[in-house]
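Source file start04.csv; content: CSV, C-alpha atoms.
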chain,number,residue,atom,x,y,z
A,1,MET,CA,8.2,-11.0,-21.3
A,2,SER,CA,10.4,-13.4,-19.4
A,3,THR,CA,14.2,-13.4,-20.1
A,4,LYS,CA,13.9,-16.9,-21.4
A,5,ASN,CA,11.3,-15.8,-24.0
A,6,ARG,CA,13.3,-12.8,-24.9
A,7,ASN,CA,16.3,-15.0,-25.5
A,8,LEU,CA,14.2,-17.3,-27.7
A,9,LEU,CA,12.9,-14.3,-29.7
A,10,PHE,CA,16.4,-12.9,-30.3
A,11,GLY,CA,18.1,-16.2,-30.8
A,12,GLY,CA,15.4,-17.3,-33.3
A,13,LEU,CA,15.5,-14.0,-35.1
A,14,ILE,CA,19.3,-14.3,-35.4
A,15,ILE,CA,19.0,-17.8,-36.9
A,16,ALA,CA,16.3,-16.5,-39.3
A,17,LEU,CA,18.5,-13.5,-40.3
A,18,ILE,CA,21.5,-15.8,-40.9
A,19,ILE,CA,19.3,-17.8,-43.3
A,20,ALA,CA,18.1,-14.6,-44.9
A,21,VAL,CA,21.6,-13.3,-45.5
A,22,LEU,CA,22.9,-16.6,-46.9
A,23,ALA,CA,19.8,-17.4,-49.1
A,24,PRO,CA,20.6,-15.0,-52.0
A,25,PHE,CA,24.1,-16.6,-52.3
A,26,LEU,CA,23.3,-20.3,-51.6
A,27,ALA,CA,19.7,-20.7,-53.0
A,28,SER,CA,19.3,-22.6,-56.2
A,29,SER,CA,18.1,-20.4,-59.1
A,30,ASN,CA,16.5,-23.4,-60.8
A,31,PRO,CA,12.8,-23.2,-61.2
A,32,ASP,CA,10.8,-24.7,-58.3
A,33,GLY,CA,8.6,-27.8,-58.6
A,34,LEU,CA,5.6,-25.9,-59.8
A,35,GLU,CA,7.5,-23.7,-62.3
A,36,SER,CA,9.3,-26.8,-63.6
A,37,SER,CA,6.0,-28.7,-64.0
A,38,ALA,CA,4.6,-25.7,-65.9
A,39,GLU,CA,7.6,-25.6,-68.2
A,40,SER,CA,7.5,-29.3,-68.9
A,41,MET,CA,3.8,-29.0,-69.9
A,42,GLN,CA,4.5,-25.8,-72.0
A,43,VAL,CA,2.3,-23.6,-69.9
A,44,PRO,CA,3.3,-20.0,-70.7
A,45,GLU,CA,4.5,-17.7,-67.9
A,46,SER,CA,1.8,-15.4,-66.6
A,47,GLU,CA,1.8,-11.7,-65.8
A,48,PRO,CA,1.3,-10.7,-62.2
A,49,ALA,CA,-2.0,-8.9,-61.5
A,50,TYR,CA,-0.3,-6.6,-59.1
A,51,THR,CA,3.2,-5.0,-58.9
A,52,ALA,CA,4.8,-5.7,-55.6
A,53,PRO,CA,7.2,-3.1,-54.1
A,54,LEU,CA,10.1,-5.6,-53.9
A,55,PRO,CA,9.3,-8.1,-56.7
A,56,ASP,CA,11.2,-11.4,-56.5
A,57,TYR,CA,12.9,-10.4,-53.2
A,58,ALA,CA,15.0,-7.7,-55.0
A,59,ILE,CA,15.4,-4.0,-54.4
A,60,PRO,CA,14.3,-2.2,-57.6
A,61,GLY,CA,17.5,-1.1,-59.4
A,62,MET,CA,19.6,-3.7,-57.7
A,63,GLU,CA,18.2,-6.8,-59.3
A,64,ASP,CA,21.6,-8.2,-60.3
A,65,ASN,CA,23.2,-7.4,-56.9
A,66,PRO,CA,22.8,-10.2,-54.4
A,67,LEU,CA,23.1,-7.5,-51.7
A,68,GLY,CA,19.7,-6.3,-52.8
A,69,GLY,CA,18.3,-9.8,-52.1
A,70,VAL,CA,20.0,-9.8,-48.7
A,71,ILE,CA,18.4,-6.4,-47.8
A,72,ALA,CA,15.0,-7.5,-49.1
A,73,LEU,CA,15.1,-10.8,-47.1
A,74,ILE,CA,16.3,-9.1,-43.9
A,75,LEU,CA,13.4,-6.6,-44.2
A,76,GLY,CA,11.0,-9.4,-44.9
A,77,THR,CA,12.1,-11.5,-42.0
A,78,ILE,CA,11.8,-8.7,-39.5
A,79,LEU,CA,8.5,-7.7,-41.0
A,80,VAL,CA,7.1,-11.2,-40.7
A,81,LEU,CA,8.3,-11.4,-37.1
A,82,LEU,CA,6.7,-8.1,-36.2
A,83,VAL,CA,3.4,-8.8,-37.9
A,84,ALA,CA,3.3,-12.3,-36.3
A,85,LEU,CA,4.0,-10.8,-32.9
A,86,VAL,CA,1.4,-8.1,-33.2
A,87,VAL,CA,-1.3,-10.4,-34.6
A,88,THR,CA,-0.8,-13.1,-32.0
A,89,LYS,CA,-0.5,-10.5,-29.1
A,90,LEU,CA,-3.8,-8.9,-30.2
A,91,LEU,CA,-5.5,-12.2,-30.3
A,92,ALA,CA,-4.1,-13.4,-27.0
A,93,LYS,CA,-4.8,-10.1,-25.3
A,94,ARG,CA,-8.6,-10.6,-25.7
A,95,LYS,CA,-8.3,-13.9,-23.8
A,96,GLU,CA,-6.6,-12.2,-20.9
A,97,ASN,CA,-9.3,-9.5,-20.8
A,98,LYS,CA,-12.0,-12.1,-20.8
A,99,LEU,CA,-10.3,-13.9,-17.9
A,100,ASP,CA,-10.0,-10.6,-16.0
A,101,LYS,CA,-13.7,-10.0,-16.2
A,102,GLN,CA,-14.6,-13.5,-14.9
B,1,MET,CA,4.6,-24.2,-54.9
B,2,HIS,CA,3.4,-20.5,-54.9
B,3,LEU,CA,0.8,-20.2,-57.6
B,4,PRO,CA,1.2,-17.0,-59.7
B,5,ASP,CA,-1.7,-14.9,-61.0
B,6,GLY,CA,-3.1,-16.2,-64.3
B,7,PHE,CA,-2.9,-19.9,-63.7
B,8,ILE,CA,-6.4,-20.2,-62.2
B,9,PRO,CA,-9.5,-18.4,-63.6
B,10,LEU,CA,-10.7,-15.6,-61.3
B,11,TRP,CA,-14.0,-17.3,-60.4
B,12,GLN,CA,-12.1,-20.4,-59.2
B,13,CYS,CA,-9.7,-18.1,-57.3
B,14,GLY,CA,-12.7,-16.7,-55.6
B,15,ILE,CA,-13.7,-20.1,-54.3
B,16,TYR,CA,-10.3,-20.7,-52.9
B,17,TRP,CA,-10.3,-17.3,-51.3
B,18,ILE,CA,-13.6,-18.0,-49.6
B,19,ILE,CA,-12.2,-21.4,-48.3
B,20,ALA,CA,-9.0,-19.7,-47.1
B,21,LEU,CA,-10.9,-16.9,-45.3
B,22,VAL,CA,-13.2,-19.3,-43.5
B,23,ALA,CA,-10.2,-21.3,-42.4
B,24,LEU,CA,-8.4,-18.2,-41.3
B,25,GLY,CA,-11.5,-17.4,-39.2
B,26,TYR,CA,-11.2,-20.8,-37.5
B,27,ALA,CA,-7.4,-20.2,-37.1
B,28,LEU,CA,-8.1,-16.9,-35.3
B,29,ILE,CA,-10.5,-18.6,-33.0
B,30,TRP,CA,-7.9,-21.2,-32.2
B,31,ALA,CA,-5.3,-18.5,-31.6
B,32,ARG,CA,-7.6,-16.7,-29.2
B,33,LYS,CA,-8.1,-19.8,-27.1
B,34,ASN,CA,-4.6,-21.2,-27.3
B,35,LEU,CA,-2.0,-18.4,-27.6
B,36,ASP,CA,-0.5,-16.9,-24.5
B,37,GLU,CA,2.7,-15.1,-23.4
B,38,LYS,CA,4.5,-18.4,-23.3
B,39,ASN,CA,4.0,-19.6,-26.9
B,40,ILE,CA,3.7,-16.3,-28.8
B,41,PRO,CA,7.5,-15.7,-29.1
B,42,LEU,CA,8.0,-19.2,-30.5
B,43,MET,CA,5.2,-18.8,-33.0
B,44,ALA,CA,6.6,-15.4,-34.1
B,45,VAL,CA,10.2,-16.6,-34.6
B,46,LEU,CA,9.0,-19.7,-36.4
B,47,ALA,CA,7.0,-17.5,-38.8
B,48,ALA,CA,10.1,-15.3,-39.4
B,49,GLY,CA,12.3,-18.5,-39.9
B,50,ILE,CA,9.8,-20.0,-42.3
B,51,PHE,CA,9.8,-16.8,-44.3
B,52,ALA,CA,13.6,-16.8,-44.5
B,53,ILE,CA,13.9,-20.5,-45.3
B,54,GLN,CA,11.3,-20.3,-48.0
B,55,ALA,CA,13.8,-18.2,-49.9
B,56,MET,CA,16.4,-21.0,-49.6
B,57,ASN,CA,15.7,-23.1,-52.7
B,58,ILE,CA,17.6,-26.4,-52.6
B,59,PRO,CA,18.4,-28.0,-55.9
B,60,ILE,CA,16.8,-31.4,-56.7
B,61,PRO,CA,17.3,-33.5,-59.8
B,62,TRP,CA,15.8,-32.5,-63.2
B,63,GLY,CA,17.1,-28.9,-63.1
B,64,THR,CA,14.5,-28.1,-60.5
B,65,SER,CA,14.6,-26.8,-56.9
B,66,GLY,CA,12.4,-26.7,-53.9
B,67,HIS,CA,12.1,-25.1,-50.5
B,68,MET,CA,10.6,-25.8,-47.1
B,69,VAL,CA,7.0,-24.7,-46.5
B,70,GLY,CA,6.8,-25.3,-42.7
B,71,ALA,CA,3.0,-26.0,-42.2
B,72,ALA,CA,3.5,-29.5,-40.8
B,73,LEU,CA,6.2,-28.3,-38.5
B,74,ILE,CA,3.9,-25.6,-37.1
B,75,ALA,CA,0.9,-27.9,-36.8
B,76,ILE,CA,3.0,-30.5,-34.9
B,77,ILE,CA,4.7,-28.0,-32.5
B,78,PHE,CA,1.4,-26.2,-31.7
B,79,VAL,CA,-0.7,-29.4,-31.8
B,80,SER,CA,-3.2,-27.9,-34.2
B,81,PRO,CA,-3.5,-27.6,-37.9
B,82,TRP,CA,-5.1,-24.1,-37.4
B,83,ALA,CA,-1.8,-22.9,-36.1
B,84,ALA,CA,-0.3,-23.8,-39.5
B,85,VAL,CA,-3.1,-22.0,-41.3
B,86,LEU,CA,-2.4,-18.8,-39.2
B,87,VAL,CA,1.3,-18.8,-39.6
B,88,LEU,CA,1.3,-19.7,-43.3
B,89,SER,CA,-1.4,-17.1,-44.0
B,90,ILE,CA,0.8,-14.4,-42.4
B,91,VAL,CA,3.8,-15.6,-44.4
B,92,LEU,CA,1.9,-16.0,-47.7
B,93,ILE,CA,0.1,-12.6,-47.4
B,94,LEU,CA,3.4,-10.7,-46.8
B,95,GLN,CA,5.2,-12.7,-49.6
B,96,GLY,CA,2.4,-11.8,-52.0
B,97,LEU,CA,1.9,-8.2,-51.0
B,98,ILE,CA,5.6,-7.1,-50.6
B,99,PHE,CA,7.6,-9.5,-52.7
B,100,GLY,CA,5.2,-10.6,-55.5
B,101,ASP,CA,5.9,-14.3,-54.5
B,102,GLY,CA,2.6,-15.9,-55.2
B,103,GLY,CA,-0.1,-14.0,-57.1
B,104,ILE,CA,-2.6,-11.8,-55.3
B,105,THR,CA,-5.6,-13.5,-57.1
B,106,ALA,CA,-4.0,-16.9,-56.3
B,107,MET,CA,-3.3,-16.1,-52.7
B,108,GLY,CA,-6.5,-17.9,-51.5
B,109,ALA,CA,-5.4,-21.1,-53.4
B,110,ASN,CA,-1.9,-20.8,-52.0
B,111,ILE,CA,-3.3,-20.6,-48.4
B,112,VAL,CA,-5.5,-23.6,-49.2
B,113,ASN,CA,-2.6,-25.7,-50.5
B,114,MET,CA,0.3,-24.8,-48.2
B,115,GLY,CA,-1.6,-23.7,-45.1
B,116,ILE,CA,-4.7,-25.8,-44.9
B,117,VAL,CA,-3.7,-29.0,-46.8
B,118,GLY,CA,-0.1,-28.7,-45.5
B,119,GLY,CA,-1.2,-28.1,-41.9
B,120,PHE,CA,-4.0,-30.8,-41.8
B,121,VAL,CA,-2.0,-33.5,-43.6
B,122,GLY,CA,1.0,-32.8,-41.4
B,123,PHE,CA,-1.0,-32.8,-38.2
B,124,TYR,CA,-3.0,-35.9,-38.9
B,125,THR,CA,-0.1,-37.9,-40.4
B,126,TYR,CA,1.9,-37.1,-37.3
B,127,LYS,CA,-1.0,-38.0,-35.0
B,128,SER,CA,-1.5,-41.4,-36.7
B,129,LEU,CA,2.2,-42.3,-37.1
B,130,LYS,CA,3.7,-41.0,-33.8
B,131,GLY,CA,3.8,-44.6,-32.6
B,132,LEU,CA,6.7,-45.1,-35.0
B,133,GLY,CA,8.8,-42.8,-32.9
B,134,ARG,CA,8.7,-39.0,-33.1
B,135,ILE,CA,11.6,-38.5,-35.6
B,136,PRO,CA,10.3,-40.8,-38.3
B,137,ALA,CA,6.8,-39.5,-37.6
B,138,VAL,CA,7.8,-35.9,-38.0
B,139,PHE,CA,9.8,-36.7,-41.2
B,140,LEU,CA,6.9,-38.6,-42.8
B,141,ALA,CA,4.2,-36.0,-41.7
B,142,SER,CA,6.3,-33.2,-43.2
B,143,TRP,CA,7.0,-35.2,-46.4
B,144,ALA,CA,3.3,-36.1,-46.8
B,145,SER,CA,2.3,-32.4,-46.2
B,146,ILE,CA,4.3,-31.3,-49.2
B,147,PHE,CA,3.4,-34.2,-51.4
B,148,LEU,CA,-0.3,-33.9,-50.8
B,149,ALA,CA,-0.3,-30.1,-51.0
B,150,SER,CA,1.3,-30.5,-54.5
B,151,ILE,CA,-1.3,-33.1,-55.5
B,152,VAL,CA,-4.1,-30.7,-54.5
B,153,CYS,CA,-2.3,-27.9,-56.3
B,154,SER,CA,-2.1,-30.0,-59.4
B,155,LEU,CA,-5.8,-30.9,-59.2
B,156,GLU,CA,-6.6,-27.2,-59.0
B,157,LEU,CA,-4.6,-26.5,-62.0
B,158,SER,CA,-6.2,-29.3,-64.0
B,159,LEU,CA,-9.6,-28.0,-62.9
B,160,ALA,CA,-8.4,-24.6,-64.1
B,161,GLY,CA,-7.5,-26.1,-67.5
B,162,THR,CA,-3.9,-25.1,-67.0
B,163,PHE,CA,-2.3,-28.5,-66.4
B,164,PRO,CA,-3.5,-31.8,-68.0
B,165,LEU,CA,-4.7,-34.0,-65.2
B,166,ILE,CA,-2.4,-37.0,-65.4
B,167,GLU,CA,0.7,-35.3,-66.6
B,168,GLY,CA,0.2,-32.6,-63.9
B,169,LEU,CA,-0.1,-35.2,-61.2
B,170,ILE,CA,3.0,-37.0,-62.3
B,171,PHE,CA,5.2,-33.9,-62.6
B,172,MET,CA,4.0,-32.2,-59.5
B,173,GLY,CA,4.0,-35.4,-57.5
B,174,LEU,CA,7.4,-36.5,-58.6
B,175,TYR,CA,9.1,-33.1,-57.9
B,176,HIS,CA,7.4,-32.7,-54.6
B,177,ALA,CA,8.1,-36.2,-53.5
B,178,VAL,CA,11.7,-35.1,-53.5
B,179,ILE,CA,11.1,-31.7,-52.1
B,180,GLY,CA,9.2,-33.3,-49.3
B,181,CYS,CA,12.4,-34.9,-48.1
B,182,ILE,CA,13.9,-31.4,-47.6
B,183,GLU,CA,10.8,-30.5,-45.6
B,184,GLY,CA,11.1,-33.7,-43.5
B,185,VAL,CA,14.8,-33.2,-42.7
B,186,ILE,CA,14.4,-29.5,-41.7
B,187,SER,CA,11.3,-30.2,-39.6
B,188,VAL,CA,13.2,-32.9,-37.7
B,189,VAL,CA,16.2,-30.6,-37.1
B,190,VAL,CA,14.0,-27.7,-35.9
B,191,ILE,CA,12.0,-29.9,-33.5
B,192,LEU,CA,15.2,-31.4,-32.1
B,193,GLY,CA,16.7,-27.9,-31.7
B,194,ILE,CA,13.7,-26.6,-29.8
B,195,ASP,CA,13.7,-29.8,-27.7
B,196,ASN,CA,17.3,-29.0,-26.8
B,197,VAL,CA,17.0,-25.4,-25.8
B,198,ARG,CA,13.3,-25.0,-24.7
B,199,PRO,CA,11.7,-28.4,-24.2
B,200,ASP,CA,9.1,-26.6,-22.0
B,201,LEU,CA,7.6,-25.1,-25.2
B,202,LEU,CA,7.0,-28.5,-26.8
B,203,SER,CA,3.9,-30.5,-26.1
B,204,GLN,CA,4.3,-33.9,-24.6
B,205,TRP,CA,3.5,-35.6,-27.9
B,206,VAL,CA,6.7,-34.4,-29.6
B,207,ARG,CA,9.0,-33.9,-26.7
B,208,SER,CA,11.7,-36.4,-25.8
B,209,LYS,CA,11.2,-37.9,-22.4
B,210,LYS,CA,13.8,-36.1,-20.3
B,211,PRO,CA,14.5,-37.3,-16.7
B,212,GLY,CA,13.1,-34.8,-14.3
B,213,ALA,CA,10.6,-33.4,-16.9
B,214,VAL,CA,7.6,-33.5,-14.6
B,215,GLU,CA,4.3,-32.5,-16.1

Mind converting the file's structure to structure tokens?
Amino acid sequence: MSTKNRNLLFGGLIIALIIAVLAPFLASSNPDGLESSAESMQVPESEPAYTAPLPDYAIPGMEDNPLGGVIALILGTILVLLVALVVTKLLAKRKENKLDKQ
Amino acid sequence: MHLPDGFIPLWQCGIYWIIALVALGYALIWARKNLDEKNIPLMAVLAAGIFAIQAMNIPIPWGTSGHMVGAALIAIIFVSPWAAVLVLSIVLILQGLIFGDGGITAMGANIVNMGIVGGFVGFYTYKSLKGLGRIPAVFLASWASIFLASIVCSLELSLAGTFPLIEGLIFMGLYHAVIGCIEGVISVVVILGIDNVRPDLLSQWVRSKKPGAVE
């Protein structure tokens, strides 16, 4: 990977991580557009069909501590970056192989 | 706009899952043809940034809030709605599996609304409006992507018998017409930012004409 692309990757990750760290403190806890609509039309809340390991971007046991949210979002941001890198590299790799054979 | 479990009957969820998987197939074909060493880092950081900024709910009137989705931004930067389907699928799958944001059964519908509708509306609105200048076109394309995704979401919910048709359209449309402005502003800021630091990563159709920028 070129230096320019490495800088982009790290620079972008730092911006994403800053957002992730600030979000639990700055984000509005008001319901979102869909939840508000559901409330306005008296649609009852539903039960999730599956229990996620970090439900609602919180660390279990630290639900009231914004630090839990910070940790969950940092983990999530890094995880999304890694998954996106691996998925896109695997897909692009095949193209290179195909070109090599030609 | 993340639909939880239980808002849409399972058989209808199945239909949205099938549409989402077919679209994801096309997105993978697009990725294979178009991704390379040059644009992979940009796509990966944008995916991470979209995940983070989706947690940043911004208050809007009526005691409601909303956040950026990012599909239009991705579709415009990578010049393809399939890029948006790919990135939003990665983000939505991880949000659902790890953070319980968006139901597992409703994940297909969430990919349809935010990835497919968001990506295609964003892409084609930008394509048809770019004559207005790229900043208004990016803003309007991003706004329209959120607004129409919420309209489709509302139609799904009325088909599911969860929302009444007209009331659903009014509430969802009204809230997301405001949330769309957040989407528009952030998309413009991100595109100007990339244009500033790495104009070489932007396609001609969204890049500012810089002196010396020879194709």

At most 10 Å is the cut-off: for each residue in stretch 43-81 of chain B with any atom that close to an atom of stretch 34-45 of chain A, write down the nearest atom pair and the distance in Å rounded to one decimal, counting all atoms listed in the file, chain first then increasing number, as a Markdown table.
| residue | atom | partner | partner_atom | distance |
| --- | --- | --- | --- | --- |
| B:Trp62 | CA | A:Ser36 | CA | 8.7 |
| B:Gly63 | CA | A:Ser36 | CA | 8.1 |
| B:Thr64 | CA | A:Ser36 | CA | 6.2 |
| B:Ser65 | CA | A:Ser36 | CA | 8.5 |
| B:Gly66 | CA | A:Leu34 | CA | 9.0 |

How close does chain A get to chain B? List, as JSON lines, each residue of chain A within 6 Å, its nearest atom pair and the distance in Å to one decimal, counting only C-alpha atoms.
{"residue": "A:Leu9", "atom": "CA", "partner": "B:Pro41", "partner_atom": "CA", "distance": 5.6}
{"residue": "A:Gly12", "atom": "CA", "partner": "B:Val45", "partner_atom": "CA", "distance": 5.4}
{"residue": "A:Leu13", "atom": "CA", "partner": "B:Val45", "partner_atom": "CA", "distance": 5.9}
{"residue": "A:Ala16", "atom": "CA", "partner": "B:Gly49", "partner_atom": "CA", "distance": 4.5}
{"residue": "A:Ile19", "atom": "CA", "partner": "B:Ala52", "partner_atom": "CA", "distance": 5.9}
{"residue": "A:Ala20", "atom": "CA", "partner": "B:Ala52", "partner_atom": "CA", "distance": 5.0}
{"residue": "A:Ala23", "atom": "CA", "partner": "B:Met56", "partner_atom": "CA", "distance": 5.0}
{"residue": "A:Ala27", "atom": "CA", "partner": "B:Asn57", "partner_atom": "CA", "distance": 4.7}
{"residue": "A:Ser28", "atom": "CA", "partner": "B:Asn57", "partner_atom": "CA", "distance": 5.0}
{"residue": "A:Asn30", "atom": "CA", "partner": "B:Thr64", "partner_atom": "CA", "distance": 5.1}
{"residue": "A:Pro31", "atom": "CA", "partner": "B:Thr64", "partner_atom": "CA", "distance": 5.2}
{"residue": "A:Asp32", "atom": "CA", "partner": "B:Ser65", "partner_atom": "CA", "distance": 4.6}
{"residue": "A:Gly33", "atom": "CA", "partner": "B:Tyr175", "partner_atom": "CA", "distance": 5.4}
{"residue": "A:Leu34", "atom": "CA", "partner": "B:Met1", "partner_atom": "CA", "distance": 5.3}
{"residue": "A:Ser37", "atom": "CA", "partner": "B:Phe171", "partner_atom": "CA", "distance": 5.4}
{"residue": "A:Ser46", "atom": "CA", "partner": "B:Gly6", "partner_atom": "CA", "distance": 5.5}
{"residue": "A:Pro48", "atom": "CA", "partner": "B:Asp5", "partner_atom": "CA", "distance": 5.3}
{"residue": "A:Ala52", "atom": "CA", "partner": "B:Gly100", "partner_atom": "CA", "distance": 4.9}
{"residue": "A:Pro53", "atom": "CA", "partner": "B:Ile98", "partner_atom": "CA", "distance": 5.6}
{"residue": "A:Leu54", "atom": "CA", "partner": "B:Phe99", "partner_atom": "CA", "distance": 4.8}
{"residue": "A:Pro55", "atom": "CA", "partner": "B:Phe99", "partner_atom": "CA", "distance": 4.6}
{"residue": "A:Asp56", "atom": "CA", "partner": "B:Phe99", "partner_atom": "CA", "distance": 5.6}
{"residue": "A:Tyr57", "atom": "CA", "partner": "B:Phe99", "partner_atom": "CA", "distance": 5.4}
{"residue": "A:Thr77", "atom": "CA", "partner": "B:Ala48", "partner_atom": "CA", "distance": 5.0}
{"residue": "A:Val80", "atom": "CA", "partner": "B:Ala48", "partner_atom": "CA", "distance": 5.2}
{"residue": "A:Leu81", "atom": "CA", "partner": "B:Ala48", "partner_atom": "CA", "distance": 4.9}
{"residue": "A:Ala84", "atom": "CA", "partner": "B:Ala44", "partner_atom": "CA", "distance": 5.0}
{"residue": "A:Leu85", "atom": "CA", "partner": "B:Ala44", "partner_atom": "CA", "distance": 5.4}
{"residue": "A:Leu91", "atom": "CA", "partner": "B:Arg32", "partner_atom": "CA", "distance": 5.1}
{"residue": "A:Ala92", "atom": "CA", "partner": "B:Arg32", "partner_atom": "CA", "distance": 5.3}

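Reported to one decimal place, the separation of atom CA of A:Ser29 from atom CA of B:Met114 is 21.3 Å.
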
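If all atoms listed in the file are the atoms counted, then among B:Leu192, B:Ser89, B:Gly25, B:Met107 the closest residue to A:Tyr50 is B:Met107.
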
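Across the model, the gap from atom CA of B:Gly180 to atom CA of B:Val112 is 17.6 Å.
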
Given the point (-8.2, -17.3, -49.9) in the coordinates of this file, which residues lie within 7 Å, counting all atoms listed in the file, and how would they look as a list in words? Tyr16, Trp17, Ile18, Ile19, Ala20, Leu21, Met107, Gly108, Ala109, Ile111 and Val112 of chain B

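With all atoms listed in the file as the basis for measurement, B:Asn113 is the residue among B:Ser142, B:Asp195, B:Asn113, B:Ser203 that approaches B:Leu155 most closely.
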